[in-house]
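What's in query16.cif: mmCIF, C-alpha atoms
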```
data_target
#
loop_
_atom_site.label_atom_id
_atom_site.label_comp_id
_atom_site.auth_asym_id
_atom_site.auth_seq_id
_atom_site.Cartn_x
_atom_site.Cartn_y
_atom_site.Cartn_z
CA MET E 633 17.37 -0.46 13.45
CA ILE E 634 20.57 -0.95 11.47
CA GLU E 635 20.23 -4.68 12.09
CA ALA E 636 16.76 -4.56 10.52
CA LEU E 637 18.32 -2.92 7.47
CA PHE E 638 20.98 -5.63 7.16
CA ALA E 639 18.31 -8.30 7.69
CA ALA E 640 16.23 -6.71 4.91
CA VAL E 641 19.21 -6.72 2.54
CA LEU E 642 20.26 -10.30 3.29
CA GLY E 643 16.68 -11.58 3.50
CA GLY E 644 15.75 -9.82 0.26
CA LEU E 645 18.73 -11.31 -1.57
CA LEU E 646 17.88 -14.80 -0.28
CA LEU E 647 14.23 -14.34 -1.29
CA LEU E 648 15.31 -13.29 -4.79
CA GLY E 649 17.59 -16.35 -4.90
CA LEU E 650 14.70 -18.57 -3.81
CA HIS E 651 12.57 -16.91 -6.50
CA ARG E 652 15.08 -17.99 -9.18
CA LYS E 653 15.37 -21.46 -7.68
CA VAL E 654 11.60 -22.07 -7.64
CA ILE E 655 11.23 -20.79 -11.21
CA ALA E 656 14.02 -23.15 -12.30
CA ARG E 657 12.52 -26.18 -10.50
CA VAL E 658 9.07 -25.50 -11.98
CA GLN E 659 10.72 -25.41 -15.41
CA GLN E 660 12.56 -28.68 -14.57
CA ARG E 661 16.00 -27.05 -14.44
CA PRO E 662 18.39 -27.43 -11.49
CA GLY E 663 18.66 -23.65 -11.12
CA PRO E 664 21.16 -21.63 -9.12
CA PRO E 665 21.63 -22.10 -5.36
CA VAL E 666 19.34 -20.01 -3.15
CA TRP E 667 22.26 -17.82 -2.03
CA GLN E 668 23.20 -17.01 -5.66
CA GLU E 669 21.96 -13.39 -5.39
CA VAL E 670 24.16 -12.85 -2.32
CA LEU E 671 27.12 -14.13 -4.34
CA HIS E 672 26.09 -11.93 -7.28
CA THR E 673 26.06 -8.83 -5.11
CA LEU E 674 29.44 -9.66 -3.61
CA LYS E 675 30.83 -10.44 -7.05
CA PHE E 676 29.63 -7.12 -8.47
CA SER E 677 31.06 -5.29 -5.45
CA PHE E 678 34.54 -6.54 -6.30
CA LYS E 679 34.36 -5.94 -10.06
CA SER E 680 36.34 -3.24 -11.80
CA THR E 681 34.07 -0.20 -12.04
CA TRP E 682 33.94 2.95 -14.12
CA VAL E 683 31.45 5.30 -15.75
CA PRO E 684 30.73 4.89 -19.51
CA GLU E 685 31.92 7.76 -21.70
CA THR E 686 28.42 8.50 -22.96
CA ALA E 687 26.89 8.58 -19.47
CA SER E 688 25.93 11.62 -17.42
CA PRO E 689 28.34 10.94 -14.50
CA GLY E 690 26.43 12.74 -11.75
CA LEU E 691 23.11 11.12 -12.54
CA PHE E 692 24.71 7.75 -13.36
CA VAL E 693 26.19 7.47 -9.86
CA GLY E 694 23.63 9.53 -7.95
CA ILE E 695 20.67 7.45 -9.09
CA VAL E 696 22.16 4.36 -7.40
CA LEU E 697 22.39 6.27 -4.12
CA VAL E 698 18.79 7.43 -4.54
CA ALA E 699 17.63 3.86 -5.26
CA ILE E 700 19.12 2.55 -2.01
CA GLY E 701 18.00 5.63 -0.06
CA ILE E 702 14.32 5.54 -1.01
CA TRP E 703 13.89 1.86 -0.14
CA THR E 704 15.74 2.36 3.14
CA ALA E 705 13.22 5.12 3.85
CA ALA E 706 10.36 2.76 2.92
CA LEU E 707 11.72 0.16 5.35
CA ALA E 708 11.82 2.82 8.08
CA VAL E 709 8.17 3.70 7.42
CA VAL E 710 7.12 0.02 7.60
CA LEU E 711 9.03 -0.54 10.85
CA ALA E 712 7.57 2.63 12.34
CA GLY E 713 4.02 1.61 11.30
CA GLY E 714 3.67 4.80 9.23
CA SER E 715 1.33 5.65 6.38
CA ILE E 716 1.06 3.33 3.37
CA LEU E 717 0.72 6.45 1.22
CA ILE E 718 4.42 7.12 1.88
CA ILE E 719 5.27 3.57 0.79
CA PHE E 720 3.36 4.01 -2.44
CA GLY E 721 5.02 7.41 -2.88
CA VAL E 722 8.35 5.56 -2.67
CA TYR E 723 6.97 2.99 -5.12
CA MET E 724 6.32 5.77 -7.62
CA LEU E 725 9.73 7.30 -6.93
CA HIS E 726 11.18 3.93 -7.88
CA LYS E 727 9.67 4.40 -11.34
CA ILE E 728 11.51 7.71 -11.64
CA VAL E 729 14.67 5.99 -10.43
CA GLU E 730 14.33 3.30 -13.13
CA HIS E 731 13.83 6.09 -15.64
CA GLY E 732 16.94 7.86 -14.32
CA PHE E 733 18.99 4.66 -14.53
CA GLY E 734 18.17 4.25 -18.22
CA LEU E 735 18.50 7.88 -19.26
CA SER E 736 21.78 8.47 -17.43
CA SER E 737 23.59 5.62 -19.18
CA GLY E 738 23.65 6.94 -22.74
CA SER E 739 22.81 3.45 -23.99
CA PRO E 740 19.80 2.96 -26.29
CA TYR E 741 18.86 -0.20 -24.40
CA GLY E 742 18.85 1.66 -21.12
CA LYS E 743 16.75 4.42 -22.65
CA PHE E 744 14.19 1.94 -24.02
CA GLY E 745 14.03 0.35 -20.55
CA ALA E 746 13.44 3.80 -19.08
CA VAL E 747 10.63 4.53 -21.51
CA ARG E 748 8.98 1.19 -20.71
CA SER E 749 9.22 2.04 -17.03
CA VAL E 750 7.14 5.15 -17.66
CA ILE E 751 4.64 3.17 -19.76
CA SER E 752 4.16 0.61 -16.98
CA ALA E 753 3.80 3.38 -14.39
CA ALA E 754 0.80 4.68 -16.28
CA SER E 755 -1.02 1.41 -15.59
CA GLU E 756 0.25 0.81 -12.06
CA ILE E 757 -0.78 4.11 -10.52
CA PRO E 758 -4.52 3.36 -10.61
CA LEU E 759 -3.90 0.02 -8.91
CA PHE E 760 -3.41 2.07 -5.78
CA VAL E 761 -7.18 2.18 -5.54
CA SER E 762 -6.57 -0.94 -3.45
CA VAL E 763 -5.37 1.49 -0.80
CA ALA E 764 -8.79 3.12 -0.82
CA ALA E 765 -10.43 -0.25 -0.17
CA ILE E 766 -8.15 -0.80 2.84
CA ALA E 767 -9.00 2.67 4.16
CA VAL E 768 -12.75 1.97 3.81
CA PHE E 769 -12.55 -1.02 6.14
CA THR E 770 -9.93 0.14 8.62
CA GLY E 771 -10.63 3.89 8.65
CA SER E 772 -6.91 4.59 8.60
CA LEU E 773 -3.91 4.54 6.29
CA ALA E 774 -1.36 3.96 9.08
CA ILE E 775 0.18 0.48 8.94
CA SER E 776 0.05 0.19 12.72
CA ASP E 777 -3.70 0.96 12.73
CA ILE E 778 -4.36 -1.50 9.89
CA VAL E 779 -2.50 -4.26 11.75
CA ALA E 780 -4.42 -3.43 14.95
CA TYR E 781 -7.73 -3.57 13.03
CA GLN E 782 -6.91 -7.07 11.77
CA ALA E 783 -5.98 -8.25 15.27
CA VAL E 784 -9.62 -7.59 16.22
CA ASN E 785 -11.55 -8.24 12.99
CA GLY E 786 -9.46 -10.85 11.18
CA PRO E 787 -7.22 -10.62 8.11
CA LEU E 788 -8.12 -8.20 5.31
CA LEU E 789 -7.20 -10.99 2.89
CA ILE E 790 -10.58 -12.53 3.80
CA ILE E 791 -12.48 -9.28 4.35
CA ALA E 792 -11.32 -7.54 1.14
CA PRO E 793 -9.80 -10.14 -1.24
CA PRO E 794 -10.00 -7.93 -4.39
CA ALA E 795 -7.77 -5.33 -2.68
CA ALA E 796 -5.30 -8.10 -1.80
CA PHE E 797 -5.37 -9.35 -5.39
CA ALA E 798 -4.68 -5.87 -6.76
CA MET E 799 -1.69 -5.40 -4.47
CA TYR E 800 -0.50 -8.91 -5.29
CA LEU E 801 -0.47 -7.84 -8.94
CA VAL E 802 1.48 -4.68 -8.08
CA ILE E 803 4.11 -6.79 -6.29
CA LEU E 804 4.14 -9.31 -9.14
CA SER E 805 4.88 -6.53 -11.60
CA LYS E 806 8.01 -5.70 -9.59
CA MET E 807 9.37 -9.26 -9.44
CA PRO E 808 12.14 -10.33 -11.84
CA PHE E 809 10.95 -12.61 -14.71
CA SER E 810 7.31 -11.67 -14.06
CA PRO E 811 4.85 -11.39 -16.97
CA PHE E 812 4.74 -7.63 -16.32
CA ALA E 813 8.54 -7.10 -16.06
CA ILE E 814 8.62 -5.33 -19.42
CA VAL E 815 11.35 -2.94 -18.23
CA GLU E 816 13.77 -5.88 -18.07
CA GLY E 817 12.81 -7.60 -21.32
CA LYS E 818 15.62 -9.63 -22.88
CA GLU E 819 15.18 -7.80 -26.17
CA LEU E 820 16.52 -4.77 -24.26
CA VAL E 821 19.56 -6.73 -22.94
CA SER E 822 19.00 -5.81 -19.26
CA GLY E 823 16.72 -2.82 -19.79
CA TYR E 824 17.36 0.23 -17.63
CA LYS E 825 20.28 -1.43 -15.82
CA THR E 826 22.18 -2.52 -18.93
CA GLU E 827 25.12 -0.13 -18.41
CA HIS E 828 25.21 -0.20 -14.60
CA PHE E 829 27.84 -2.78 -13.79
CA GLY E 830 30.37 -3.47 -11.05
CA VAL E 831 29.76 -1.52 -7.85
CA TRP E 832 26.83 0.36 -9.40
CA ARG E 833 25.04 -2.96 -10.06
CA ALA E 834 25.89 -4.17 -6.56
CA GLY E 835 24.21 -1.02 -5.21
CA LEU E 836 21.18 -1.70 -7.40
CA GLU E 837 21.04 -5.29 -6.11
CA VAL E 838 21.05 -3.95 -2.53
CA ALA E 839 18.18 -1.59 -3.39
CA ASN E 840 16.24 -4.44 -5.06
CA ALA E 841 16.79 -6.65 -2.00
CA ILE E 842 15.38 -4.00 0.35
CA LYS E 843 12.51 -3.39 -2.09
CA THR E 844 11.62 -7.09 -2.16
CA SER E 845 11.67 -7.35 1.65
CA VAL E 846 9.59 -4.20 2.05
CA LEU E 847 6.92 -5.07 -0.54
CA LEU E 848 6.47 -8.69 0.58
CA GLY E 849 6.53 -7.74 4.27
CA LEU E 850 4.07 -4.92 3.66
CA PHE E 851 1.64 -7.27 1.90
CA LEU E 852 1.65 -9.58 4.93
CA LEU E 853 1.15 -6.70 7.36
CA LEU E 854 -1.67 -5.19 5.29
CA PHE E 855 -3.58 -8.39 4.54
CA LEU E 856 -2.69 -10.92 7.25
CA GLY E 857 -2.16 -8.61 10.21
CA PRO E 858 -0.03 -9.38 13.26
CA LEU E 859 2.12 -12.51 12.91
CA SER E 860 4.77 -14.10 15.10
CA PRO E 861 8.33 -13.86 13.67
CA PHE E 862 8.26 -17.55 12.70
CA ALA E 863 4.83 -17.27 11.05
CA PHE E 864 5.99 -14.10 9.28
CA VAL E 865 8.99 -15.91 7.73
CA VAL E 866 6.84 -18.90 6.71
CA ALA E 867 4.19 -16.60 5.21
CA ILE E 868 6.73 -14.51 3.29
CA VAL E 869 8.24 -17.68 1.78
CA ILE E 870 4.79 -18.99 0.79
CA LEU E 871 3.94 -15.61 -0.76
CA LEU E 872 7.21 -15.57 -2.68
CA VAL E 873 6.80 -19.16 -3.91
CA SER E 874 3.30 -18.31 -5.20
CA LEU E 875 4.76 -15.32 -7.09
CA SER E 876 7.55 -17.52 -8.45
CA PHE E 877 5.02 -20.07 -9.74
CA VAL E 878 3.20 -17.34 -11.65
CA CYS E 879 6.50 -16.08 -13.08
CA ALA E 880 7.59 -19.61 -14.01
CA VAL E 881 4.49 -20.58 -15.96
CA THR E 882 3.72 -17.23 -17.60
CA PRO E 883 5.70 -15.74 -20.47
CA MET E 884 6.62 -12.08 -20.38
CA LEU E 885 3.81 -10.09 -21.93
CA ALA E 886 4.26 -7.56 -24.70
CA PRO E 887 4.22 -3.99 -23.31
CA PHE E 888 0.78 -3.30 -24.77
CA ASP E 889 -0.71 -6.48 -23.27
CA SER E 890 0.93 -5.82 -19.92
CA VAL E 891 -0.56 -2.33 -19.69
CA THR E 892 -3.96 -3.57 -20.93
CA ILE E 893 -4.23 -6.32 -18.29
CA GLN E 894 -3.20 -3.96 -15.48
CA ALA E 895 -5.68 -1.36 -16.73
CA LEU E 896 -8.44 -4.01 -16.74
CA VAL E 897 -7.64 -4.94 -13.14
CA THR E 898 -7.81 -1.26 -12.28
CA VAL E 899 -11.29 -1.04 -13.80
CA VAL E 900 -12.37 -4.10 -11.78
CA MET E 901 -10.98 -2.49 -8.62
CA LEU E 902 -12.86 0.73 -9.34
CA GLY E 903 -16.04 -1.36 -9.70
CA TYR E 904 -15.27 -2.94 -6.33
CA LEU E 905 -14.94 0.53 -4.78
CA VAL E 906 -18.30 1.49 -6.27
CA LEU E 907 -19.81 -1.60 -4.63
CA LEU E 908 -18.25 -0.57 -1.32
CA GLY E 909 -19.86 2.85 -1.70
CA VAL E 910 -16.60 4.81 -1.86
CA ILE E 911 -17.39 6.21 -5.30
CA PRO E 912 -21.07 7.31 -5.61
CA MET Z 422 43.33 -4.40 0.71
CA MET Z 423 44.03 -5.47 -2.83
CA ALA Z 424 47.53 -5.71 -4.14
CA GLY Z 425 48.80 -3.16 -6.65
CA LYS Z 426 48.76 0.59 -7.02
CA VAL Z 427 46.14 2.46 -4.99
CA THR Z 428 44.38 5.04 -7.16
CA GLY Z 429 43.09 8.45 -6.15
CA LEU Z 430 39.54 7.23 -6.68
CA GLN Z 431 40.14 4.39 -4.24
CA GLN Z 432 41.57 6.76 -1.63
CA GLY Z 433 38.56 9.08 -1.95
CA ALA Z 434 36.13 6.16 -1.74
CA GLY Z 435 38.00 4.81 1.29
CA ARG Z 436 37.66 8.15 3.09
CA ILE Z 437 33.94 8.33 2.34
CA PHE Z 438 33.47 4.79 3.62
CA VAL Z 439 35.33 5.44 6.89
CA VAL Z 440 33.51 8.72 7.58
CA SER Z 441 30.03 7.36 6.75
CA ALA Z 442 30.63 4.13 8.70
CA LEU Z 443 31.84 6.07 11.75
CA PHE Z 444 28.78 8.33 11.64
CA LEU Z 445 26.50 5.28 11.31
CA ILE Z 446 28.14 3.55 14.29
CA ALA Z 447 28.02 6.77 16.35
CA GLY Z 448 24.37 7.29 15.40
CA THR Z 449 23.47 3.74 16.40
CA PHE Z 450 25.22 4.19 19.74
CA LEU Z 451 23.54 7.56 20.41
CA TRP Z 452 20.14 6.11 19.48
CA ALA Z 453 20.72 3.08 21.71
CA ILE Z 454 21.41 5.30 24.75
CA GLN Z 455 18.36 7.39 23.79
CA VAL Z 456 20.23 10.60 23.04
CA LEU Z 457 19.39 10.66 19.33
CA PRO Z 458 15.63 10.63 18.49
CA VAL Z 459 14.59 7.72 16.27
CA ILE Z 460 13.49 10.03 13.44
CA TRP Z 461 16.95 11.64 13.27
CA TYR Z 462 18.57 8.23 13.49
CA TRP Z 463 16.59 6.95 10.51
CA ALA Z 464 17.34 10.16 8.59
CA GLU Z 465 21.03 9.54 9.22
CA VAL Z 466 20.78 5.91 8.07
CA ILE Z 467 18.81 6.85 4.93
CA ILE Z 468 21.41 9.48 3.97
CA LEU Z 469 24.60 7.62 4.92
CA PHE Z 470 23.86 3.95 4.20
CA PRO Z 471 23.87 4.33 0.37
CA PRO Z 472 27.29 6.09 0.14
CA CYS Z 473 28.68 3.70 2.76
CA CYS Z 474 27.63 0.71 0.59
CA LEU Z 475 28.97 2.08 -2.68
CA SER Z 476 32.21 3.51 -1.28
CA LEU Z 477 33.07 0.15 0.29
CA GLY Z 478 32.85 -1.52 -3.14
CA LEU Z 479 34.71 1.32 -4.85
CA TRP Z 480 37.48 1.24 -2.27
CA TRP Z 481 37.83 -2.48 -2.83
CA MET Z 482 38.15 -2.53 -6.60
CA ALA Z 483 37.83 0.92 -8.22
CA ARG Z 484 40.29 1.60 -11.03
CA GLY Z 485 41.31 5.00 -12.30
CA ARG Z 486 40.27 3.82 -15.75
CA ARG Z 487 38.67 5.75 -18.63
CA GLY Z 488 35.09 4.88 -19.47
CA ASP Z 489 34.28 3.13 -22.73
CA VAL Z 490 31.46 3.61 -25.20
CA PRO Z 491 28.40 1.41 -24.51
CA PHE Z 492 27.36 -1.23 -26.99
CA VAL Z 493 24.81 0.38 -29.31
CA GLY Z 494 23.88 -2.61 -31.47
CA TYR Z 495 25.07 -4.19 -34.69
#
```
Step by step, read the file and then write its structure as C-alpha cells.
Amino acid sequence: MIEALFAAVLGGLLLLGLHRKVIARVQQRPGPPVWQEVLHTLKFSFKSTWVPETASPGLFVGIVLVAIGIWTAALAVVLAGGSILIIFGVYMLHKIVEHGFGLSSGSPYGKFGAVRSVISAASEIPLFVSVAAIAVFTGSLAISDIVAYQAVNGPLLIIAPPAAFAMYLVILSKMPFSPFAIVEGKELVSGYKTEHFGVWRAGLEVANAIKTSVLLGLFLLLFLGPLSPFAFVVAIVILLVSLSFVCAVTPMLAPFDSVTIQALVTVVMLGYLVLLGVIP
Amino acid sequence: MMAGKVTGLQQGAGRIFVVSALFLIAGTFLWAIQVLPVIWYWAEVIILFPPCCLSLGLWWMARGRRGDVPFVGY
C-alpha cells in the first residue's frame, strides 16, 4: 500500500512534468524536462522555510497536512474500489483546502485566489451529475462494481460519452494552465499558494501529484474499465497529453466566462439525465 | 545533515519525522503479516504520511528565522 502511495507521488509528479513538456512543445518551446516537477519538489524541500508574519500559523501549516491527507485518503478509496461519492467529497474538500491556503497566508493575492476557488466550486458541483449517469447504467456507485460492469458490457466511454465529457471537464479544471484554472491566474501571482514556499510548497506539490494520479486513474477506471498495468500507463499518458493539448491551445478564461461555460455543460448534462429518465 | 547550527525547530521536526516514519514502517510490517486490518493501516498512512513528509523537509533545512511581511503590491 505504501508503495502505491509513493508510486502515486512519483507518477503524479512525472505526469505534471509531461504536462508542462507537451504544452511547451505545442507552443514550439523546448520546455522543461519531464522530471522537472520532481526536481521542483526536491528543491522546495531543501529551501529555507518559515511562516509569514501576517499568516495564521496553525492554519498556514495545518492546511498543507490536510491537503496531503485528503488525497492520500482518496487514493485509498480508489485502490479499495470504494464509492466515487467519497472521491467527489474529497474533491470538494480540496476546494475548502484551496480556500484555507489563501486565507491563512495574510496575502491579498492568496485571498483573491481563495475567493476564486469558491467561485469555481459553485460551477463544478453540478458537474457531479455525471455521477448520476454512471449510476443509471451500472446500478452502483462503487468503483469495483463499475469496473466489473464494464468488463461485461464494454467501456462507459462508449455507453455514456456525455458523462465522460463532463468528468473530463472536471479534471481539466484541476490541471495547471487549463482554461478553467482561474485560481492560479498570473494576475494573482500564484493565487492561493502565493505565500506557501519552501517545505510548505513541497508538501503542496506532493498533494497535487497524488491528486493528479487519483483523478486521471479514476477517469480510466470509470470510463474504460479493467486494464492491464501496461495499458493503464499508456492510457493515462494519452489522457494527459489530450488535456495538455487543450491547455496549450486555449487561453485562461476570465472567471465569469469560466463559470458560465461550466454552468452550460451542467445544463447539458441535466438534459442528458432527463433523456435517460433519471429526472422526470 | 546540513552543516551549521541545528535549531530547535529542526530538532522538533527531526523527532516528528523519526516517530512518524517508525510508525509507518511498523504499520506496513503489521499489515503485511496480517495483524493490522487494512482499514486501520490506511488510517495510519493517511494520518502519518503528511507530517512525515513535511517534517523531513523541515529537518533538512528549517531555520529558526522570523517571518517577514508578504508582498502586498506597489
Compile the residues of chain E that lie within 9 Å of chain Z, evaluated using only C-alpha atoms, and express the compilation as a PyMOL selection string.
chain E and resi 633-634+674+676-687+696-705+708+737-741+827+830-832+834-835+838
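What separates CA of Pro858 (chain E) from CA of Met799 (chain E) is a distance of 18.2 Å.
Note that CA of Leu875 (chain E) and CA of Val750 (chain E) are 23.2 Å apart.
Here CA of Lys843 (chain E) and CA of Val779 (chain E) stand 20.4 Å from one another.
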Find the residues around region 895-911 of chain E up to 12 Å (all atoms listed in the file counted), leave out those fewer than 6 positions away in its own chain, and share them as an mmCIF file with C-alpha atoms, in the coordinates of the input.
```cif
data_model
loop_
_atom_site.group_PDB
_atom_site.id
_atom_site.type_symbol
_atom_site.label_atom_id
_atom_site.label_comp_id
_atom_site.auth_asym_id
_atom_site.auth_seq_id
_atom_site.Cartn_x
_atom_site.Cartn_y
_atom_site.Cartn_z
ATOM 1 C CA ILE E 751 4.640 3.170 -19.760
ATOM 2 C CA SER E 752 4.160 0.610 -16.980
ATOM 3 C CA ALA E 753 3.800 3.380 -14.390
ATOM 4 C CA ALA E 754 0.800 4.680 -16.280
ATOM 5 C CA SER E 755 -1.020 1.410 -15.590
ATOM 6 C CA GLU E 756 0.250 0.810 -12.060
ATOM 7 C CA ILE E 757 -0.780 4.110 -10.520
ATOM 8 C CA PRO E 758 -4.520 3.360 -10.610
ATOM 9 C CA LEU E 759 -3.900 0.020 -8.910
ATOM 10 C CA PHE E 760 -3.410 2.070 -5.780
ATOM 11 C CA VAL E 761 -7.180 2.180 -5.540
ATOM 12 C CA SER E 762 -6.570 -0.940 -3.450
ATOM 13 C CA VAL E 763 -5.370 1.490 -0.800
ATOM 14 C CA ALA E 764 -8.790 3.120 -0.820
ATOM 15 C CA ALA E 765 -10.430 -0.250 -0.170
ATOM 16 C CA ILE E 766 -8.150 -0.800 2.840
ATOM 17 C CA ALA E 767 -9.000 2.670 4.160
ATOM 18 C CA VAL E 768 -12.750 1.970 3.810
ATOM 19 C CA PHE E 769 -12.550 -1.020 6.140
ATOM 20 C CA ILE E 791 -12.480 -9.280 4.350
ATOM 21 C CA ALA E 792 -11.320 -7.540 1.140
ATOM 22 C CA PRO E 793 -9.800 -10.140 -1.240
ATOM 23 C CA PRO E 794 -10.000 -7.930 -4.390
ATOM 24 C CA ALA E 795 -7.770 -5.330 -2.680
ATOM 25 C CA ALA E 796 -5.300 -8.100 -1.800
ATOM 26 C CA PHE E 797 -5.370 -9.350 -5.390
ATOM 27 C CA ALA E 798 -4.680 -5.870 -6.760
ATOM 28 C CA MET E 799 -1.690 -5.400 -4.470
ATOM 29 C CA TYR E 800 -0.500 -8.910 -5.290
ATOM 30 C CA LEU E 801 -0.470 -7.840 -8.940
ATOM 31 C CA VAL E 802 1.480 -4.680 -8.080
ATOM 32 C CA PHE E 888 0.780 -3.300 -24.770
ATOM 33 C CA ASP E 889 -0.710 -6.480 -23.270
#
```
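Those residues that approach Phe877 (chain E) to within 12 Å, counting only C-alpha atoms, are E:Leu650, E:His651, E:Arg652, E:Lys653, E:Val654, E:Ile655, E:Ala656, E:Arg657, E:Val658, E:Gln659, E:Leu804, E:Met807, E:Phe809, E:Ser810, E:Pro811, E:Ile870, E:Leu871, E:Leu872, E:Val873, E:Ser874, E:Ala880, E:Val881, E:Thr882, E:Pro883; same-chain residues fewer than 3 positions away are not listed.
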Around region 461-464 of chain Z, fit a box with edges along x, y and z, padding it by 8 Å on each side, then list its centre and edge lengths in Å to one decimal as JSON.
```
{"center_x": 17.6, "center_y": 9.3, "center_z": 11.0, "size_x": 18.0, "size_y": 20.7, "size_z": 20.9}
```
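The smallest atom-to-atom distance between Ile716 (chain E) and any of E:Val865, E:Ala841, E:Ile775, E:Leu836, using only C-alpha atoms, is found for E:Ile775.
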